[in-house]
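**Q** Data: input_13.txt, compact mmCIF, C-alpha atoms.
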```txt
# COMPACT_ATOMS: atom_id res chain seq x y z
CA ILE A 1 0.00 0.00 0.00
CA GLY A 2 1.38 3.34 -0.84
CA GLY A 3 1.26 6.10 -3.36
CA ARG A 4 -0.10 9.57 -3.10
CA GLY A 5 -3.55 8.48 -1.87
CA ALA A 6 -2.12 6.66 1.13
CA ALA A 7 0.09 9.59 2.09
CA ALA A 8 -2.82 12.01 1.77
CA ALA A 9 -5.00 9.80 3.95
CA ARG A 10 -2.31 9.51 6.61
CA SER A 11 -1.89 13.27 6.76
CA ALA A 12 -5.67 13.87 6.75
CA ALA A 13 -6.42 11.78 9.84
CA THR A 14 -7.00 13.43 13.16
CA THR A 15 -5.21 11.20 15.64
CA SER A 16 -3.96 13.66 18.25
CA PRO A 17 -4.48 12.72 21.89
CA VAL A 18 -7.83 13.74 23.32
CA LYS A 19 -7.66 16.74 25.61
CA LYS A 20 -9.69 16.37 28.76
CA GLY A 21 -11.26 18.90 31.03
CA GLY A 22 -11.72 21.79 28.59
CA PRO A 23 -15.05 23.23 27.46
CA LYS A 24 -17.15 20.81 25.41
CA CYS A 25 -19.07 21.60 22.25
CA LYS A 26 -22.46 23.09 23.12
CA GLN A 27 -23.79 21.29 20.07
CA ALA A 28 -21.33 18.80 18.55
CA TYR A 29 -21.42 17.94 14.85
CA LEU A 30 -19.95 15.41 12.49
CA GLY A 31 -18.94 17.00 9.18
CA GLY A 32 -18.41 15.82 5.61
CA GLY A 33 -15.34 16.18 3.43
CA GLY A 34 -13.62 19.53 3.83
CA ALA A 35 -15.85 20.58 6.76
CA GLN A 36 -14.27 23.10 9.08
CA ALA A 37 -13.44 21.62 12.48
CA GLY A 38 -13.69 23.35 15.82
CA HIS A 39 -15.70 24.00 18.99
CA GLY A 40 -19.32 23.76 17.83
CA SER A 41 -22.41 25.57 19.08
CA ALA A 42 -25.99 26.17 17.98
CA PHE A 43 -24.70 29.19 16.02
CA SER A 44 -21.57 27.69 14.48
CA LYS A 45 -21.68 24.34 12.71
CA LEU A 46 -18.15 23.03 13.12
CA ALA A 47 -17.13 19.37 13.04
CA CYS A 48 -15.93 18.38 16.50
CA PRO A 49 -12.29 17.27 16.14
CA ASN A 50 -11.98 15.94 19.68
CA MET A 51 -14.41 13.08 20.27
CA ARG A 52 -14.17 9.99 22.41
CA CYS A 53 -16.20 6.78 22.31
CA THR A 54 -17.83 5.80 25.59
CA GLY A 55 -18.11 2.20 24.34
CA CYS A 56 -14.45 1.38 23.64
CA ASP A 57 -12.87 4.42 25.37
CA PHE A 58 -10.86 5.34 22.26
CA THR A 59 -10.40 8.61 20.43
CA VAL A 60 -12.68 8.93 17.41
CA MET A 61 -10.56 9.32 14.28
CA ARG A 62 -11.70 11.81 11.65
CA ILE A 63 -10.27 11.03 8.21
CA ASP A 64 -11.12 13.85 5.81
CA LYS A 65 -12.01 13.21 2.16
CA GLN A 66 -12.07 9.43 2.64
CA ARG A 67 -14.88 6.84 2.68
CA TRP A 68 -15.05 3.51 4.51
CA SER A 69 -15.55 0.39 2.42
CA ASP A 70 -18.87 -1.42 2.77
CA GLU A 71 -16.82 -4.45 3.85
CA LEU A 72 -15.46 -2.75 6.98
CA ASP A 73 -16.26 -4.74 10.13
CA TYR A 74 -15.86 -4.57 13.90
CA LEU A 75 -12.86 -6.89 14.06
CA PHE A 76 -10.95 -4.85 11.48
CA LEU A 77 -11.54 -1.66 13.50
CA ARG A 78 -10.64 -3.36 16.76
CA ASN A 79 -7.33 -4.59 15.36
CA HIS A 80 -6.27 -1.53 13.34
CA VAL A 81 -7.54 1.73 14.88
CA PRO A 82 -5.64 4.11 15.31
CA PHE A 83 -2.98 3.02 12.79
CA MET A 84 -3.58 4.80 9.47
CA ASP A 85 -1.27 2.50 7.50
CA LYS A 86 -3.35 -0.49 8.63
CA LEU A 87 -6.70 1.25 7.96
CA GLN A 88 -5.80 2.31 4.42
CA PRO A 89 -7.07 -0.88 2.65
CA MET A 90 -10.61 -0.09 3.79
CA LEU A 91 -10.53 3.58 2.71
CA THR A 92 -11.20 5.13 -0.69
CA ASN A 93 -10.80 8.74 -1.79
CA ASP A 94 -14.06 10.72 -1.74
CA PRO A 95 -13.79 14.54 -1.62
CA SER A 96 -17.34 14.95 -0.27
CA ASN A 97 -16.96 12.42 2.54
CA CYS A 98 -15.34 12.18 5.95
CA ALA A 99 -14.67 8.76 7.49
CA TYR A 100 -15.00 8.53 11.28
CA ALA A 101 -14.03 5.55 13.44
CA CYS A 102 -13.16 4.35 16.90
CA GLN A 103 -12.32 0.76 17.80
CA CYS A 104 -15.97 -0.36 17.91
CA SER A 105 -17.85 1.64 15.25
CA SER A 106 -17.53 3.76 12.15
CA LYS A 107 -19.50 6.22 10.05
CA ASN A 108 -19.24 7.84 6.62
CA VAL A 109 -20.47 11.45 6.68
CA THR A 110 -21.19 13.71 3.69
CA GLU A 111 -22.91 16.63 5.44
CA PHE A 112 -23.13 18.18 8.89
CA LEU A 113 -24.91 15.88 11.33
CA ASN A 114 -25.83 16.69 14.90
CA LEU A 115 -23.77 14.25 16.98
CA LYS A 116 -26.56 13.47 19.47
CA LYS A 117 -29.03 12.70 16.67
CA ALA A 118 -26.46 10.59 14.80
CA CYS A 119 -25.78 8.57 17.95
CA ALA A 120 -29.49 8.12 18.71
CA SER A 121 -30.18 6.72 15.23
CA SER A 122 -27.25 4.26 15.15
CA ASN A 123 -24.87 2.29 17.36
CA LEU A 124 -22.50 5.23 17.90
CA ARG A 125 -21.52 6.18 21.45
CA TRP A 126 -19.43 9.25 20.70
CA VAL A 127 -19.19 12.41 22.78
CA CYS A 128 -17.19 15.64 22.63
CA ALA A 129 -14.18 15.18 24.91
CA GLY A 130 -13.57 18.91 25.39
CA HIS A 131 -11.33 21.42 23.67
```
Take the structure in the file and write it out as structure tokens.
**A**
Amino acid sequence: IGGRGAAAARSAATTSPVKKGGPKCKQAYLGGGGAQAGHGSAFSKLACPNMRCTGCDFTVMRIDKQRWSDELDYLFLRNHVPFMDKLQPMLTNDPSNCAYACQCSSKNVTEFLNLKKACASSNLRWVCAGH
């Protein structure tokens, strides 16, 4: 695995350690490809870059302009998150998409989604970890 796509995906992933104790998003959002990230509120739709999963207790990765394969499964995530080089086989370039994942779940996002609503309608257990 290699080439320009792999390098772009590695550099696009948000894998920094989660900060704890800071102010949390008043209204957290997931955002599609190219969405601006930051501390969200009811007045500013910004994709939260600092989320944590309450299910697996891992940082939620945000991989801009990438899409998860339909063949992605729990075991693959469990074994390979947060290592971008290992995740690459299940990612494809998609400028309108943002691939999110922790060690127990994943989501492809093409537009701003309210995090609470996204979690309520699926198996996601993601929360803003503070900024």
**Q** Report, in Å with one decimal, the straight-line distance from atom CA of Ser122 of chain A to atom CA of Lys107 of chain A.
**A**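 So the answer is 9.5 Å.
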**Q** Need the shell around Thr110 of chain A: protein/DNA/RNA residues with any atom at most 9 Å away, counting only C-alpha atoms. Skip same-chain ones fewer than 6 positions apart. Format as a short mmCIF file (atom, residue, chain, number, x, y, z; two decimals) with C-alpha atoms, keeping the file's coordinate frame?
**A**
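What landed in around_32.cif:
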```cif
data_model
loop_
_atom_site.label_atom_id
_atom_site.label_comp_id
_atom_site.auth_asym_id
_atom_site.auth_seq_id
_atom_site.Cartn_x
_atom_site.Cartn_y
_atom_site.Cartn_z
CA GLY A 31 -18.94 17.00 9.18
CA GLY A 32 -18.41 15.82 5.61
CA GLY A 33 -15.34 16.18 3.43
CA SER A 96 -17.34 14.95 -0.27
CA ASN A 97 -16.96 12.42 2.54
CA CYS A 98 -15.34 12.18 5.95
#
```
**Q** What lies within 12 Å of Val109 of chain A using all atoms listed in the file, ignoring chain neighbours under 2 positions off, as number ranges by chain?
**A** A: 29-35, 47, 62-68, 94-101, 106-107, 111-115, 118
**Q** What is the atom CA of Ala129 of chain A to atom CA of Glu71 of chain A distance in Å?
**A**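 Pair atom CA of Ala129 of chain A / atom CA of Glu71 of chain A returns 28.9 Å.
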**Q** Name the closest residue to Pro23 of chain A among the candidates A:Tyr74, A:His131, A:Asp57, A:Ser44; distances are taken between atoms, counting only C-alpha atoms.
**A**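 Closest residue, counting only C-alpha atoms: A:His131.
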**Q** For each of A:Gly130, A:Gly55, A:Pro89, A:Pro82, take the minimum atom-to-atom distance to His39 of chain A, counting all atoms listed in the file, then give the residue where this is smallest.
**A**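 Closest residue, counting all atoms listed in the file: A:Gly130.
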**Q** Name the closest residue to Ser69 of chain A among the candidates A:Gln36, A:Asn108, A:Val81, A:Leu46; distances are taken between atoms, counting all atoms listed in the file.
**A**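 Nearest candidate to Ser69 of chain A out of A:Gln36, A:Asn108, A:Val81, A:Leu46: A:Asn108.
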**Q** Just the number, please: distance in Å from atom CA of His80 of chain A to atom CA of Cys104 of chain A, one decimal.
**A**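 Value for the atom CA of His80 of chain A-atom CA of Cys104 of chain A distance: 10.8 Å.
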**Q** Restricting the calculation to only C-alpha atoms: of A:Cys128, A:Cys119, A:Cys56, A:Met90, which residue gets closest to Gly38 of chain A?
**A**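 Counting only C-alpha atoms, the residue closest to Gly38 of chain A is A:Cys128.
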**Q** Out of A:Thr59, A:Asn93, A:Thr54, A:Gln103, which residue has the shortest atom-to-atom distance to Asn79 of chain A when counting all atoms listed in the file?
**A**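 Between A:Thr59, A:Asn93, A:Thr54, A:Gln103, the residue approaching Asn79 of chain A most closely is A:Gln103.
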**Q** Could you check which of A:Leu77, A:Val127, A:Met61, A:Ala120 is closest to Lys24 of chain A, using only C-alpha atoms?
**A** A:Val127
**Q** Just save segment 79-92 of chain A with N, CA, C and O atoms, as a PDB file, in the first residue's frame.
**A**
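As a result, out13.pdb now contains:
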```pdb
ATOM      1  N   ASN A  79      -8.733  -4.243  15.543  1.00  0.00           N
ATOM      2  CA  ASN A  79      -7.326  -4.589  15.359  1.00  0.00           C
ATOM      3  C   ASN A  79      -6.467  -3.465  14.798  1.00  0.00           C
ATOM      4  O   ASN A  79      -5.252  -3.480  14.980  1.00  0.00           O
ATOM      5  N   HIS A  80      -7.077  -2.484  14.095  1.00  0.00           N
ATOM      6  CA  HIS A  80      -6.268  -1.530  13.345  1.00  0.00           C
ATOM      7  C   HIS A  80      -6.398  -0.058  13.732  1.00  0.00           C
ATOM      8  O   HIS A  80      -5.531   0.733  13.379  1.00  0.00           O
ATOM      9  N   VAL A  81      -7.455   0.339  14.412  1.00  0.00           N
ATOM     10  CA  VAL A  81      -7.545   1.729  14.879  1.00  0.00           C
ATOM     11  C   VAL A  81      -6.566   1.876  16.031  1.00  0.00           C
ATOM     12  O   VAL A  81      -6.543   1.015  16.910  1.00  0.00           O
ATOM     13  N   PRO A  82      -5.704   2.860  16.056  1.00  0.00           N
ATOM     14  CA  PRO A  82      -5.641   4.112  15.308  1.00  0.00           C
ATOM     15  C   PRO A  82      -4.518   4.162  14.260  1.00  0.00           C
ATOM     16  O   PRO A  82      -4.015   5.233  13.953  1.00  0.00           O
ATOM     17  N   PHE A  83      -4.122   3.057  13.700  1.00  0.00           N
ATOM     18  CA  PHE A  83      -2.977   3.019  12.790  1.00  0.00           C
ATOM     19  C   PHE A  83      -3.397   3.239  11.340  1.00  0.00           C
ATOM     20  O   PHE A  83      -3.933   2.345  10.697  1.00  0.00           O
ATOM     21  N   MET A  84      -3.131   4.439  10.821  1.00  0.00           N
ATOM     22  CA  MET A  84      -3.576   4.800   9.469  1.00  0.00           C
ATOM     23  C   MET A  84      -3.044   3.854   8.400  1.00  0.00           C
ATOM     24  O   MET A  84      -3.768   3.529   7.465  1.00  0.00           O
ATOM     25  N   ASP A  85      -1.809   3.402   8.521  1.00  0.00           N
ATOM     26  CA  ASP A  85      -1.274   2.502   7.496  1.00  0.00           C
ATOM     27  C   ASP A  85      -2.043   1.185   7.446  1.00  0.00           C
ATOM     28  O   ASP A  85      -2.209   0.591   6.388  1.00  0.00           O
ATOM     29  N   LYS A  86      -2.563   0.744   8.580  1.00  0.00           N
ATOM     30  CA  LYS A  86      -3.351  -0.492   8.632  1.00  0.00           C
ATOM     31  C   LYS A  86      -4.794  -0.268   8.165  1.00  0.00           C
ATOM     32  O   LYS A  86      -5.432  -1.172   7.634  1.00  0.00           O
ATOM     33  N   LEU A  87      -5.317   0.945   8.360  1.00  0.00           N
ATOM     34  CA  LEU A  87      -6.700   1.253   7.963  1.00  0.00           C
ATOM     35  C   LEU A  87      -6.848   1.499   6.460  1.00  0.00           C
ATOM     36  O   LEU A  87      -7.927   1.339   5.908  1.00  0.00           O
ATOM     37  N   GLN A  88      -5.771   1.893   5.818  1.00  0.00           N
ATOM     38  CA  GLN A  88      -5.805   2.314   4.417  1.00  0.00           C
ATOM     39  C   GLN A  88      -6.519   1.345   3.466  1.00  0.00           C
ATOM     40  O   GLN A  88      -7.250   1.795   2.583  1.00  0.00           O
ATOM     41  N   PRO A  89      -6.392   0.013   3.599  1.00  0.00           N
ATOM     42  CA  PRO A  89      -7.066  -0.879   2.651  1.00  0.00           C
ATOM     43  C   PRO A  89      -8.592  -0.744   2.643  1.00  0.00           C
ATOM     44  O   PRO A  89      -9.233  -1.092   1.662  1.00  0.00           O
ATOM     45  N   MET A  90      -9.157  -0.237   3.720  1.00  0.00           N
ATOM     46  CA  MET A  90     -10.613  -0.093   3.790  1.00  0.00           C
ATOM     47  C   MET A  90     -11.090   1.328   3.484  1.00  0.00           C
ATOM     48  O   MET A  90     -12.264   1.638   3.647  1.00  0.00           O
ATOM     49  N   LEU A  91     -10.181   2.197   3.036  1.00  0.00           N
ATOM     50  CA  LEU A  91     -10.528   3.579   2.714  1.00  0.00           C
ATOM     51  C   LEU A  91     -10.396   3.846   1.225  1.00  0.00           C
ATOM     52  O   LEU A  91      -9.495   3.313   0.575  1.00  0.00           O
ATOM     53  N   THR A  92     -11.307   4.672   0.697  1.00  0.00           N
ATOM     54  CA  THR A  92     -11.200   5.133  -0.686  1.00  0.00           C
ATOM     55  C   THR A  92     -11.344   6.647  -0.695  1.00  0.00           C
ATOM     56  O   THR A  92     -12.019   7.222   0.165  1.00  0.00           O
TER      57      THR A  92
END
```
